[in-house]
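Pasted below: protein-v8.cif, mmCIF, C-alpha atoms.
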data_entry
loop_
_atom_site.group_PDB
_atom_site.id
_atom_site.type_symbol
_atom_site.label_atom_id
_atom_site.label_comp_id
_atom_site.auth_asym_id
_atom_site.auth_seq_id
_atom_site.Cartn_x
_atom_site.Cartn_y
_atom_site.Cartn_z
ATOM 1 C CA MET A 1 137.342 117.695 148.360
ATOM 2 C CA HIS A 2 136.650 121.101 146.858
ATOM 3 C CA ALA A 3 134.791 121.144 143.538
ATOM 4 C CA ILE A 4 132.936 123.625 141.357
ATOM 5 C CA ALA A 5 129.476 122.493 140.303
ATOM 6 C CA ALA A 6 126.385 123.521 138.357
ATOM 7 C CA PHE A 7 123.011 122.987 140.013
ATOM 8 C CA GLU A 8 120.649 125.157 137.993
ATOM 9 C CA ALA A 9 120.396 126.259 134.374
ATOM 10 C CA LEU A 10 121.338 129.901 134.895
ATOM 11 C CA PRO A 11 123.131 132.617 132.913
ATOM 12 C CA VAL A 12 126.824 132.893 133.692
ATOM 13 C CA GLU A 13 126.299 136.342 135.236
ATOM 14 C CA ASP A 14 124.332 134.679 138.054
ATOM 15 C CA HIS A 15 126.676 133.691 140.882
ATOM 16 C CA ARG A 16 124.644 130.486 141.341
ATOM 17 C CA SER A 17 125.462 129.224 137.822
ATOM 18 C CA LEU A 18 128.705 127.695 139.137
ATOM 19 C CA VAL A 19 129.276 127.317 142.867
ATOM 20 C CA ASP A 20 131.992 126.103 145.212
ATOM 21 C CA VAL A 21 131.022 122.812 146.892
ATOM 22 C CA GLU A 22 132.538 120.063 149.024
ATOM 23 C CA LEU A 23 132.176 116.546 147.633
ATOM 24 C CA PRO A 24 133.398 113.129 148.828
ATOM 25 C CA MET A 25 136.764 111.951 147.546
ATOM 26 C CA PRO A 26 136.187 109.530 144.653
ATOM 27 C CA ASP A 27 137.193 105.881 144.984
ATOM 28 C CA HIS A 28 139.143 104.573 142.010
ATOM 29 C CA GLY A 29 138.320 101.324 140.236
ATOM 30 C CA PRO A 30 140.690 98.910 138.487
ATOM 31 C CA ASP A 31 140.831 100.932 135.233
ATOM 32 C CA ASP A 32 140.939 104.351 136.871
ATOM 33 C CA VAL A 33 143.626 106.917 137.497
ATOM 34 C CA LEU A 34 143.046 109.293 140.416
ATOM 35 C CA ILE A 35 144.495 112.663 139.425
ATOM 36 C CA ARG A 36 145.132 115.804 141.458
ATOM 37 C CA VAL A 37 143.941 118.517 139.090
ATOM 38 C CA GLU A 38 146.299 121.477 138.656
ATOM 39 C CA ALA A 39 144.759 123.284 135.680
ATOM 40 C CA VAL A 40 141.670 123.174 133.470
ATOM 41 C CA SER A 41 140.558 125.002 130.353
ATOM 42 C CA VAL A 42 137.017 125.834 129.309
ATOM 43 C CA ASN A 43 135.461 124.714 126.034
ATOM 44 C CA PRO A 44 132.093 125.403 124.381
ATOM 45 C CA VAL A 45 130.873 121.992 125.604
ATOM 46 C CA ASP A 46 131.342 123.214 129.204
ATOM 47 C CA VAL A 47 129.213 126.260 128.465
ATOM 48 C CA LYS A 48 126.452 124.170 126.868
ATOM 49 C CA MET A 49 126.366 121.638 129.703
ATOM 50 C CA ARG A 50 126.412 124.356 132.361
ATOM 51 C CA ALA A 51 123.457 125.998 130.661
ATOM 52 C CA ALA A 52 121.594 122.687 130.934
ATOM 53 C CA GLY A 53 122.100 122.709 134.709
ATOM 54 C CA GLY A 54 122.277 119.899 137.256
ATOM 55 C CA SER A 55 120.252 119.154 140.381
ATOM 56 C CA ALA A 56 120.535 119.324 144.158
ATOM 57 C CA ASP A 57 120.907 115.534 144.240
ATOM 58 C CA ASP A 58 123.291 115.359 141.300
ATOM 59 C CA PRO A 59 125.506 118.453 140.970
ATOM 60 C CA ARG A 60 127.211 118.614 137.597
ATOM 61 C CA VAL A 61 131.005 118.910 137.821
ATOM 62 C CA LEU A 62 132.248 120.035 134.422
ATOM 63 C CA GLY A 63 135.731 120.295 132.938
ATOM 64 C CA PHE A 64 136.872 118.451 129.789
ATOM 65 C CA ASP A 65 140.485 119.548 129.632
ATOM 66 C CA GLY A 66 142.819 118.817 132.503
ATOM 67 C CA ALA A 67 146.456 118.651 133.525
ATOM 68 C CA GLY A 68 147.643 117.354 136.864
ATOM 69 C CA VAL A 69 149.504 114.738 138.891
ATOM 70 C CA VAL A 70 148.662 111.048 139.283
ATOM 71 C CA GLU A 71 147.805 110.270 142.918
ATOM 72 C CA ALA A 72 146.761 106.615 142.662
ATOM 73 C CA ILE A 73 146.154 103.960 140.014
ATOM 74 C CA GLY A 74 143.851 100.962 139.658
ATOM 75 C CA ASP A 75 144.963 97.348 139.423
ATOM 76 C CA GLN A 76 144.659 97.249 135.622
ATOM 77 C CA VAL A 77 146.829 100.343 135.055
ATOM 78 C CA ASP A 78 150.415 99.594 134.081
ATOM 79 C CA GLU A 79 151.530 102.529 131.901
ATOM 80 C CA LEU A 80 151.207 105.255 134.547
ATOM 81 C CA GLU A 81 152.327 105.582 138.144
ATOM 82 C CA PRO A 82 151.825 108.015 141.041
ATOM 83 C CA GLY A 83 153.726 111.236 140.517
ATOM 84 C CA ASP A 84 153.362 111.292 136.722
ATOM 85 C CA HIS A 85 152.367 114.621 135.193
ATOM 86 C CA VAL A 86 149.459 113.885 132.859
ATOM 87 C CA TRP A 87 146.797 115.440 130.643
ATOM 88 C CA TRP A 88 143.387 114.223 129.468
ATOM 89 C CA ALA A 89 140.009 115.311 128.060
ATOM 90 C CA GLY A 90 137.680 113.193 130.180
ATOM 91 C CA GLU A 91 134.250 111.946 129.190
ATOM 92 C CA ARG A 92 130.710 113.250 129.424
ATOM 93 C CA GLY A 93 129.376 110.435 131.588
ATOM 94 C CA ARG A 94 131.668 111.096 134.573
ATOM 95 C CA ALA A 95 132.482 114.012 136.858
ATOM 96 C CA GLY A 96 134.905 116.432 135.226
ATOM 97 C CA ALA A 97 138.107 118.264 136.064
ATOM 98 C CA ASN A 98 136.589 121.201 137.963
ATOM 99 C CA ALA A 99 137.545 119.608 141.274
ATOM 100 C CA ASP A 100 140.598 118.951 143.414
ATOM 101 C CA TYR A 101 140.648 115.339 142.216
ATOM 102 C CA GLN A 102 139.212 113.514 139.228
ATOM 103 C CA LEU A 103 138.858 109.866 138.279
ATOM 104 C CA VAL A 104 139.739 109.205 134.645
ATOM 105 C CA ASP A 105 139.863 105.973 132.648
ATOM 106 C CA HIS A 106 143.585 105.277 132.136
ATOM 107 C CA ARG A 107 143.005 104.575 128.447
ATOM 108 C CA ILE A 108 142.286 108.260 127.791
ATOM 109 C CA VAL A 109 145.171 109.689 129.851
ATOM 110 C CA SER A 110 148.740 110.360 128.690
ATOM 111 C CA ARG A 111 151.853 111.917 130.168
ATOM 112 C CA MET A 112 151.827 115.619 129.329
ATOM 113 C CA PRO A 113 154.737 117.305 127.496
ATOM 114 C CA ARG A 114 157.911 117.418 129.546
ATOM 115 C CA GLY A 115 158.942 120.931 130.448
ATOM 116 C CA TRP A 116 155.451 122.369 130.018
ATOM 117 C CA SER A 117 153.503 124.048 132.799
ATOM 118 C CA PHE A 118 150.164 122.582 133.836
ATOM 119 C CA ALA A 119 148.428 125.732 132.578
ATOM 120 C CA ASP A 120 150.007 125.433 129.134
ATOM 121 C CA ALA A 121 149.167 121.733 128.933
ATOM 122 C CA ALA A 122 145.532 122.052 129.998
ATOM 123 C CA ALA A 123 144.703 124.085 126.886
ATOM 124 C CA LEU A 124 145.279 121.277 124.381
ATOM 125 C CA PRO A 125 143.737 117.847 125.089
ATOM 126 C CA LEU A 126 140.151 118.269 123.823
ATOM 127 C CA THR A 127 140.979 120.468 120.851
ATOM 128 C CA GLY A 128 144.101 118.477 120.025
ATOM 129 C CA LEU A 129 142.147 115.224 119.985
ATOM 130 C CA THR A 130 139.449 116.834 117.855
ATOM 131 C CA ALA A 131 141.989 117.973 115.275
ATOM 132 C CA LEU A 132 143.947 114.708 115.251
ATOM 133 C CA GLU A 133 140.785 112.641 114.857
ATOM 134 C CA ALA A 134 139.688 114.869 111.984
ATOM 135 C CA PHE A 135 143.050 114.471 110.259
ATOM 136 C CA HIS A 136 143.687 110.781 111.036
ATOM 137 C CA ASP A 137 140.221 109.233 111.017
ATOM 138 C CA HIS A 138 138.241 111.376 108.583
ATOM 139 C CA LEU A 139 140.633 113.041 106.128
ATOM 140 C CA VAL A 140 143.246 110.242 106.388
ATOM 141 C CA LEU A 141 146.112 112.690 106.027
ATOM 142 C CA ASP A 142 149.750 111.625 106.152
ATOM 143 C CA PRO A 143 153.152 113.367 105.874
ATOM 144 C CA ASP A 144 152.877 113.379 102.052
ATOM 145 C CA SER A 145 149.370 114.881 101.948
ATOM 146 C CA ALA A 146 149.342 118.085 99.922
ATOM 147 C CA GLY A 147 146.723 120.545 98.740
ATOM 148 C CA THR A 148 144.948 123.354 100.570
ATOM 149 C CA LEU A 149 143.036 123.307 103.853
ATOM 150 C CA LEU A 150 140.584 126.045 104.801
ATOM 151 C CA MET A 151 140.377 126.285 108.604
ATOM 152 C CA MET A 152 137.295 128.131 109.789
ATOM 153 C CA GLY A 153 137.791 130.083 113.009
ATOM 154 C CA GLY A 154 141.552 130.049 112.764
ATOM 155 C CA ALA A 155 142.036 131.870 116.071
ATOM 156 C CA GLY A 156 139.656 129.640 118.029
ATOM 157 C CA GLY A 157 140.588 126.737 120.249
ATOM 158 C CA VAL A 158 140.288 124.030 117.598
ATOM 159 C CA GLY A 159 141.601 126.237 114.803
ATOM 160 C CA SER A 160 144.695 127.227 116.778
ATOM 161 C CA ILE A 161 145.904 123.655 117.208
ATOM 162 C CA ALA A 162 144.586 122.312 113.893
ATOM 163 C CA ILE A 163 146.660 124.866 111.959
ATOM 164 C CA GLN A 164 149.786 123.812 113.858
ATOM 165 C CA LEU A 165 149.135 120.107 113.355
ATOM 166 C CA ALA A 166 148.452 120.529 109.644
ATOM 167 C CA LYS A 167 151.773 122.341 109.214
ATOM 168 C CA ALA A 168 153.682 119.876 111.421
ATOM 169 C CA LYS A 169 152.277 116.635 109.997
ATOM 170 C CA THR A 170 151.444 117.319 106.330
ATOM 171 C CA LEU A 171 152.465 119.355 103.282
ATOM 172 C CA LEU A 172 149.177 121.245 103.269
ATOM 173 C CA ARG A 173 148.887 124.939 102.598
ATOM 174 C CA VAL A 174 146.604 126.337 105.305
ATOM 175 C CA LEU A 175 144.144 129.202 104.902
ATOM 176 C CA ALA A 176 142.485 130.419 108.117
ATOM 177 C CA THR A 177 139.436 132.619 108.519
ATOM 178 C CA ALA A 178 139.496 135.693 110.756
ATOM 179 C CA THR A 179 137.970 139.150 110.832
ATOM 180 C CA ARG A 180 139.752 141.125 113.568
ATOM 181 C CA GLU A 181 143.403 142.007 113.121
ATOM 182 C CA ALA A 182 144.254 140.385 116.467
ATOM 183 C CA SER A 183 142.622 137.127 115.339
ATOM 184 C CA ALA A 184 144.405 137.250 111.993
ATOM 185 C CA ALA A 185 147.757 137.857 113.698
ATOM 186 C CA TRP A 186 147.183 134.899 116.040
ATOM 187 C CA ALA A 187 146.259 132.579 113.146
ATOM 188 C CA ARG A 188 149.449 133.560 111.336
ATOM 189 C CA GLU A 189 151.429 132.978 114.532
ATOM 190 C CA MET A 190 149.942 129.466 114.684
ATOM 191 C CA GLY A 191 151.307 128.867 111.167
ATOM 192 C CA ALA A 192 148.538 129.844 108.734
ATOM 193 C CA ASP A 193 149.919 130.586 105.278
ATOM 194 C CA ALA A 194 147.183 133.135 104.561
ATOM 195 C CA VAL A 195 144.164 134.612 106.310
ATOM 196 C CA VAL A 196 140.779 135.040 104.614
ATOM 197 C CA ASP A 197 137.734 137.021 105.723
ATOM 198 C CA HIS A 198 134.786 134.798 106.619
ATOM 199 C CA ARG A 199 132.411 137.741 106.075
ATOM 200 C CA ASP A 200 133.215 137.442 102.359
ATOM 201 C CA LEU A 201 134.214 133.801 102.428
ATOM 202 C CA VAL A 202 133.884 132.769 98.806
ATOM 203 C CA ALA A 203 135.621 135.775 97.233
ATOM 204 C CA SER A 204 138.416 135.987 99.806
ATOM 205 C CA THR A 205 139.074 132.228 99.725
ATOM 206 C CA LEU A 206 139.175 132.062 95.925
ATOM 207 C CA ASP A 207 141.412 135.115 95.880
ATOM 208 C CA ALA A 208 143.896 133.197 98.053
ATOM 209 C CA ALA A 209 143.300 129.837 96.308
ATOM 210 C CA PRO A 210 141.978 130.482 92.768
ATOM 211 C CA ASP A 211 141.569 126.764 92.021
ATOM 212 C CA GLY A 212 139.644 126.154 95.243
ATOM 213 C CA VAL A 213 140.534 124.185 98.360
ATOM 214 C CA ASP A 214 140.743 120.455 98.996
ATOM 215 C CA TYR A 215 139.629 120.398 102.623
ATOM 216 C CA VAL A 216 137.468 122.507 104.915
ATOM 217 C CA PHE A 217 137.536 122.061 108.707
ATOM 218 C CA SER A 218 134.651 123.910 110.338
ATOM 219 C CA PRO A 219 133.669 124.532 113.965
ATOM 220 C CA PHE A 220 131.164 127.178 112.743
ATOM 221 C CA THR A 221 129.109 125.749 109.900
ATOM 222 C CA SER A 222 125.544 127.101 109.982
ATOM 223 C CA GLY A 223 124.797 129.195 106.925
ATOM 224 C CA SER A 224 128.049 128.269 105.193
ATOM 225 C CA ILE A 225 127.350 125.008 103.340
ATOM 226 C CA GLY A 226 126.649 126.861 100.095
ATOM 227 C CA ALA A 227 129.906 128.768 100.402
ATOM 228 C CA PHE A 228 131.829 125.584 101.157
ATOM 229 C CA ALA A 229 130.317 123.968 98.057
ATOM 230 C CA GLU A 230 131.660 126.874 95.991
ATOM 231 C CA VAL A 231 135.206 126.947 97.353
ATOM 232 C CA LEU A 232 135.801 123.196 97.623
ATOM 233 C CA ARG A 233 137.253 121.387 94.645
ATOM 234 C CA PRO A 234 135.438 118.339 93.225
ATOM 235 C CA PHE A 235 135.857 115.293 95.490
ATOM 236 C CA GLY A 236 136.955 117.543 98.359
ATOM 237 C CA HIS A 237 136.238 116.939 102.028
ATOM 238 C CA LEU A 238 134.333 118.887 104.669
ATOM 239 C CA VAL A 239 134.749 118.077 108.387
ATOM 240 C CA VAL A 240 132.388 119.775 110.854
ATOM 241 C CA ILE A 241 132.280 119.655 114.646
ATOM 242 C CA ASP A 242 129.102 121.661 115.262
ATOM 243 C CA SER A 243 125.461 120.834 114.479
ATOM 244 C CA PRO A 244 124.406 122.886 111.460
ATOM 245 C CA ASP A 245 120.814 122.923 110.268
ATOM 246 C CA ASP A 246 121.923 123.515 106.685
ATOM 247 C CA ASP A 247 120.879 121.354 103.770
ATOM 248 C CA ILE A 248 124.046 119.553 102.631
ATOM 249 C CA ARG A 249 122.749 118.755 99.132
ATOM 250 C CA PRO A 250 124.781 121.591 97.555
ATOM 251 C CA LEU A 251 127.843 119.396 98.212
ATOM 252 C CA LYS A 252 126.549 116.597 95.997
ATOM 253 C CA ARG A 253 127.240 118.256 92.635
ATOM 254 C CA LYS A 254 130.993 118.092 93.304
ATOM 255 C CA ALA A 255 130.852 114.742 95.144
ATOM 256 C CA ILE A 256 132.194 116.441 98.270
ATOM 257 C CA SER A 257 132.513 114.137 101.288
ATOM 258 C CA PHE A 258 130.861 115.302 104.538
ATOM 259 C CA HIS A 259 132.358 114.150 107.858
ATOM 260 C CA TRP A 260 131.143 114.598 111.426
ATOM 261 C CA GLU A 261 133.812 114.804 114.123
ATOM 262 C CA SER A 262 132.974 114.312 117.799
ATOM 263 C CA MET A 263 135.836 113.824 120.240
ATOM 264 C CA PHE A 264 133.443 112.165 122.718
ATOM 265 C CA ALA A 265 132.290 109.432 120.310
ATOM 266 C CA ARG A 266 134.881 106.949 121.572
ATOM 267 C CA THR A 267 134.020 107.376 125.251
ATOM 268 C CA ASP A 268 130.273 107.828 124.714
ATOM 269 C CA HIS A 269 130.133 104.470 122.939
ATOM 270 C CA ASP A 270 133.100 102.728 124.607
ATOM 271 C CA VAL A 271 134.933 102.171 121.322
ATOM 272 C CA ASP A 272 138.741 102.006 121.050
ATOM 273 C CA ARG A 273 139.337 104.277 124.058
ATOM 274 C CA SER A 274 143.077 103.679 124.076
ATOM 275 C CA ARG A 275 143.343 105.433 120.712
ATOM 276 C CA GLN A 276 142.865 108.703 122.601
ATOM 277 C CA ARG A 277 145.828 107.921 124.855
ATOM 278 C CA GLU A 278 147.920 107.232 121.746
ATOM 279 C CA MET A 279 146.925 110.534 120.157
ATOM 280 C CA LEU A 280 147.602 112.477 123.354
ATOM 281 C CA ALA A 281 151.059 110.867 123.472
ATOM 282 C CA GLU A 282 151.581 111.888 119.842
ATOM 283 C CA LEU A 283 150.552 115.442 120.700
ATOM 284 C CA ALA A 284 152.925 115.468 123.684
ATOM 285 C CA HIS A 285 155.800 114.372 121.438
ATOM 286 C CA LEU A 286 155.046 117.157 118.960
ATOM 287 C CA ALA A 287 154.983 119.628 121.855
ATOM 288 C CA GLU A 288 158.324 118.414 123.193
ATOM 289 C CA THR A 289 159.970 118.706 119.775
ATOM 290 C CA GLY A 290 158.637 122.238 119.370
ATOM 291 C CA ASP A 291 156.350 121.389 116.448
ATOM 292 C CA VAL A 292 153.307 122.619 118.361
ATOM 293 C CA ARG A 293 152.958 125.232 121.087
ATOM 294 C CA THR A 294 150.299 125.836 123.680
ATOM 295 C CA THR A 295 147.131 127.622 122.634
ATOM 296 C CA ALA A 296 146.591 129.035 126.143
ATOM 297 C CA ASN A 297 146.207 132.761 125.593
ATOM 298 C CA GLU A 298 144.417 133.820 128.766
ATOM 299 C CA ARG A 299 145.260 132.427 132.210
ATOM 300 C CA ILE A 300 143.257 132.932 135.397
ATOM 301 C CA GLU A 301 144.975 132.015 138.665
ATOM 302 C CA GLY A 302 142.832 130.632 141.479
ATOM 303 C CA PHE A 303 140.621 127.538 141.364
ATOM 304 C CA THR A 304 137.295 129.091 142.416
ATOM 305 C CA ALA A 305 133.746 129.205 141.129
ATOM 306 C CA ALA A 306 134.088 132.942 140.505
ATOM 307 C CA ASN A 307 137.102 132.367 138.264
ATOM 308 C CA LEU A 308 135.424 129.512 136.401
ATOM 309 C CA ARG A 309 132.396 131.726 135.801
ATOM 310 C CA GLU A 310 134.711 134.365 134.362
ATOM 311 C CA ALA A 311 136.303 131.779 132.081
ATOM 312 C CA HIS A 312 132.842 130.642 130.925
ATOM 313 C CA ARG A 313 131.893 134.271 130.293
ATOM 314 C CA ARG A 314 134.928 134.755 128.052
ATOM 315 C CA VAL A 315 134.123 131.615 126.043
ATOM 316 C CA GLU A 316 130.473 132.673 125.718
ATOM 317 C CA SER A 317 131.567 136.056 124.365
ATOM 318 C CA SER A 318 132.673 134.333 121.119
ATOM 319 C CA SER A 319 135.624 136.717 120.986
ATOM 320 C CA MET A 320 138.210 134.425 122.570
ATOM 321 C CA ILE A 321 141.551 134.044 120.851
ATOM 322 C CA GLY A 322 143.100 130.677 121.677
ATOM 323 C CA LYS A 323 142.067 129.107 124.986
ATOM 324 C CA VAL A 324 141.375 130.345 128.512
ATOM 325 C CA VAL A 325 142.855 128.320 131.381
ATOM 326 C CA VAL A 326 142.103 128.359 135.110
ATOM 327 C CA HIS A 327 144.975 127.064 137.255
ATOM 328 C CA ARG A 328 146.072 126.765 140.841
#
Can the structure from this file be put into structure tokens for me?
Amino acid sequence: MHAIAAFEALPVEDHRSLVDVELPMPDHGPDDVLIRVEAVSVNPVDVKMRAAGGSADDPRVLGFDGAGVVEAIGDQVDELEPGDHVWWAGERGRAGANADYQLVDHRIVSRMPRGWSFADAAALPLTGLTALEAFHDHLVLDPDSAGTLLMMGGAGGVGSIAIQLAKAKTLLRVLATATREASAAWAREMGADAVVDHRDLVASTLDAAPDGVDYVFSPFTSGSIGAFAEVLRPFGHLVVIDSPDDDIRPLKRKAISFHWESMFARTDHDVDRSRQREMLAELAHLAETGDVRTTANERIEGFTAANLREAHRRVESSSMIGKVVVHR
């Protein structure tokens, strides 16, 4: 089968950073679903893992967002069948979606939203799971949850879906950070109640929420812990998905809770995998009812190494609005 792989740790401008290869068709086990991949999106984790490279003996096939069609199922799979249109986020320990076919544990696969294109669907699994885990597992939000959420990077991949989910599933008022007018417009389109400038985070946030905010969700944390400590109310909550080097002691004075979110924790440690299938099904339902929309904002047609390199380049530019998808 055709696949796109990383062999060496090279800059994305180098044509050898991602290359077209032919690999053997994978054999599915009892818990596997064999999926014909129709579309993938690129996330920062793809960029980081590509930069780490692979080897001639073990080419690294990336891709942690996929949408496609079930080709075959293992003996232990009873909730899916060949022909189903599905979406998934995969796991770091197995070959990814940048290939004609991918094997995925059935417990982390769900039927994708009915009526959606594969390209639209491929934008959401990883970021949608990240946001739902943050809201369900860390902040323990429910339909009656009120207060104010500050979403850092409101026009980014995680921010775009987190804003929608907060508005669809809670009573929260949502502030989103942005600097460019295009980013601010996108965040408002996703449902943000107000946009604040992260270059002057404390003043602009307190101007929009004079009493402070109850929650902060941050994909971009380094250098901001002090600001978060200022804008968060006592006993507030901070969820981060990056790896800041900041000292978190400024949060202590207000007894602010600090949460790490990692979408791969369940699959990395083989804990409650089926919870991801449940959350993907929840996300699909919200998509079908119109409560959330795709965050795909740039689409590249043609499943080639050159197009994947271009998608990686756009993500690396840190100027992406929404998600970039590569589809057949």
**Request:** May I have the residues within 10 Å of A:Ser55 as a list in words, using all atoms listed in the file and disregarding those fewer than 6 positions away in the same chain?
**Result:**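 Listed by chain and then number, they are Ala5, Ala6, Phe7, Glu8 and Ala9 of chain A.
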May I have the residues from that selection written out with C-alpha atoms, as a compact mmCIF listing (two decimals), keeping the file's coordinate frame?
# COMPACT_ATOMS: atom_id res chain seq x y z
CA ALA A 5 129.48 122.49 140.30
CA ALA A 6 126.38 123.52 138.36
CA PHE A 7 123.01 122.99 140.01
CA GLU A 8 120.65 125.16 137.99
CA ALA A 9 120.40 126.26 134.37
**Request:** Choose the residue, out of A:Asp65, A:Asp57, A:Asp268, A:Glu133, that has the smallest atom-to-atom separation from A:Ala39; count all atoms listed in the file.
**Result:** A:Asp65
**Message:** Please enumerate the residues selected by the PyMOL selection byres ((chain A and resi 298) around 10) when evaluated against the supplied file, formatted as a ChimeraX atom specification.
**Reply:** /A:41,119,123,295-297,299-300,311,314,320-326
**Prompt:** Pick from A:Gly154, A:Gly63, A:Pro113, A:Gly83: nearest to A:Asp100, with all atoms listed in the file counted?
**Reply:**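 Ranking A:Gly154, A:Gly63, A:Pro113, A:Gly83 by distance to A:Asp100, first place goes to A:Gly63.
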**Request:** Quick one: apply the PyMOL selection byres ((chain A and resi 248-263) around 6) to the file and drop the selected residues here as an MDAnalysis selection string.
**Result:** chainID A and resid 130 229 234:241 247 264:265
Per residue of stretch 40-75 of chain A within 10 Å of stretch 85-88 of chain A, which atom pair is closest and at what distance in Å (one decimal), using all atoms listed in the file, listed by chain and increasing number, as a Markdown table?
| residue | atom | partner | partner_atom | distance |
| --- | --- | --- | --- | --- |
| A:Val40 | CA | A:Trp87 | CA | 9.7 |
| A:Phe64 | CA | A:Trp88 | CA | 7.8 |
| A:Asp65 | CA | A:Trp88 | CA | 6.1 |
| A:Gly66 | CA | A:Trp88 | CA | 5.5 |
| A:Ala67 | CA | A:Trp87 | CA | 4.3 |
| A:Gly68 | CA | A:Val86 | CA | 5.6 |
| A:Val69 | CA | A:His85 | CA | 4.7 |
| A:Val70 | CA | A:His85 | CA | 6.6 |
| A:Glu71 | CA | A:His85 | CA | 10.0 |
Save the residues we just selected, C-alpha atoms, as a PDB file, keeping the file's coordinate frame?
ATOM      1  CA  VAL A  40     141.670 123.174 133.470  1.00  0.00           C
ATOM      2  CA  PHE A  64     136.872 118.451 129.789  1.00  0.00           C
ATOM      3  CA  ASP A  65     140.485 119.548 129.632  1.00  0.00           C
ATOM      4  CA  GLY A  66     142.819 118.817 132.503  1.00  0.00           C
ATOM      5  CA  ALA A  67     146.456 118.651 133.525  1.00  0.00           C
ATOM      6  CA  GLY A  68     147.643 117.354 136.864  1.00  0.00           C
ATOM      7  CA  VAL A  69     149.504 114.738 138.891  1.00  0.00           C
ATOM      8  CA  VAL A  70     148.662 111.048 139.283  1.00  0.00           C
ATOM      9  CA  GLU A  71     147.805 110.270 142.918  1.00  0.00           C
TER      10      GLU A  71
END
For stretch 278-292 of chain A, where the input has fewer atoms than it should, I would like N, CA and C atoms rebuilt and written as an mmCIF file, in the coordinates of the input.
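So out-v6.cif came out as:
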data_model
loop_
_atom_site.group_PDB
_atom_site.id
_atom_site.type_symbol
_atom_site.label_atom_id
_atom_site.label_comp_id
_atom_site.auth_asym_id
_atom_site.auth_seq_id
_atom_site.Cartn_x
_atom_site.Cartn_y
_atom_site.Cartn_z
ATOM 1 N N GLU A 278 146.874 107.216 122.768
ATOM 2 C CA GLU A 278 147.920 107.232 121.746
ATOM 3 C C GLU A 278 148.028 108.604 121.091
ATOM 4 N N MET A 279 146.889 109.225 120.806
ATOM 5 C CA MET A 279 146.925 110.534 120.157
ATOM 6 C C MET A 279 147.422 111.619 121.102
ATOM 7 N N LEU A 280 147.069 111.520 122.387
ATOM 8 C CA LEU A 280 147.602 112.477 123.354
ATOM 9 C C LEU A 280 149.116 112.329 123.486
ATOM 10 N N ALA A 281 149.607 111.087 123.429
ATOM 11 C CA ALA A 281 151.059 110.867 123.472
ATOM 12 C C ALA A 281 151.720 111.437 122.222
ATOM 13 N N GLU A 282 151.063 111.300 121.080
ATOM 14 C CA GLU A 282 151.581 111.888 119.842
ATOM 15 C C GLU A 282 151.647 113.406 119.956
ATOM 16 N N LEU A 283 150.589 113.994 120.518
ATOM 17 C CA LEU A 283 150.552 115.442 120.700
ATOM 18 C C LEU A 283 151.646 115.899 121.659
ATOM 19 N N ALA A 284 151.863 115.120 122.727
ATOM 20 C CA ALA A 284 152.925 115.468 123.684
ATOM 21 C C ALA A 284 154.292 115.442 123.015
ATOM 22 N N HIS A 285 154.509 114.449 122.147
ATOM 23 C CA HIS A 285 155.800 114.372 121.438
ATOM 24 C C HIS A 285 155.995 115.594 120.545
ATOM 25 N N LEU A 286 154.945 115.984 119.830
ATOM 26 C CA LEU A 286 155.046 117.157 118.960
ATOM 27 C C LEU A 286 155.295 118.426 119.776
ATOM 28 N N ALA A 287 154.739 118.474 120.979
ATOM 29 C CA ALA A 287 154.983 119.628 121.855
ATOM 30 C C ALA A 287 156.431 119.652 122.338
ATOM 31 N N GLU A 288 156.952 118.484 122.686
ATOM 32 C CA GLU A 288 158.324 118.414 123.193
ATOM 33 C C GLU A 288 159.358 118.727 122.119
ATOM 34 N N THR A 289 159.030 118.419 120.863
ATOM 35 C CA THR A 289 159.970 118.706 119.775
ATOM 36 C C THR A 289 159.816 120.138 119.257
ATOM 37 N N GLY A 290 158.844 120.865 119.788
ATOM 38 C CA GLY A 290 158.637 122.238 119.370
ATOM 39 C C GLY A 290 157.792 122.399 118.125
ATOM 40 N N ASP A 291 157.179 121.309 117.649
ATOM 41 C CA ASP A 291 156.350 121.389 116.448
ATOM 42 C C ASP A 291 154.980 121.993 116.732
ATOM 43 N N VAL A 292 154.528 121.916 117.974
ATOM 44 C CA VAL A 292 153.307 122.619 118.361
ATOM 45 C C VAL A 292 153.562 123.349 119.671
#
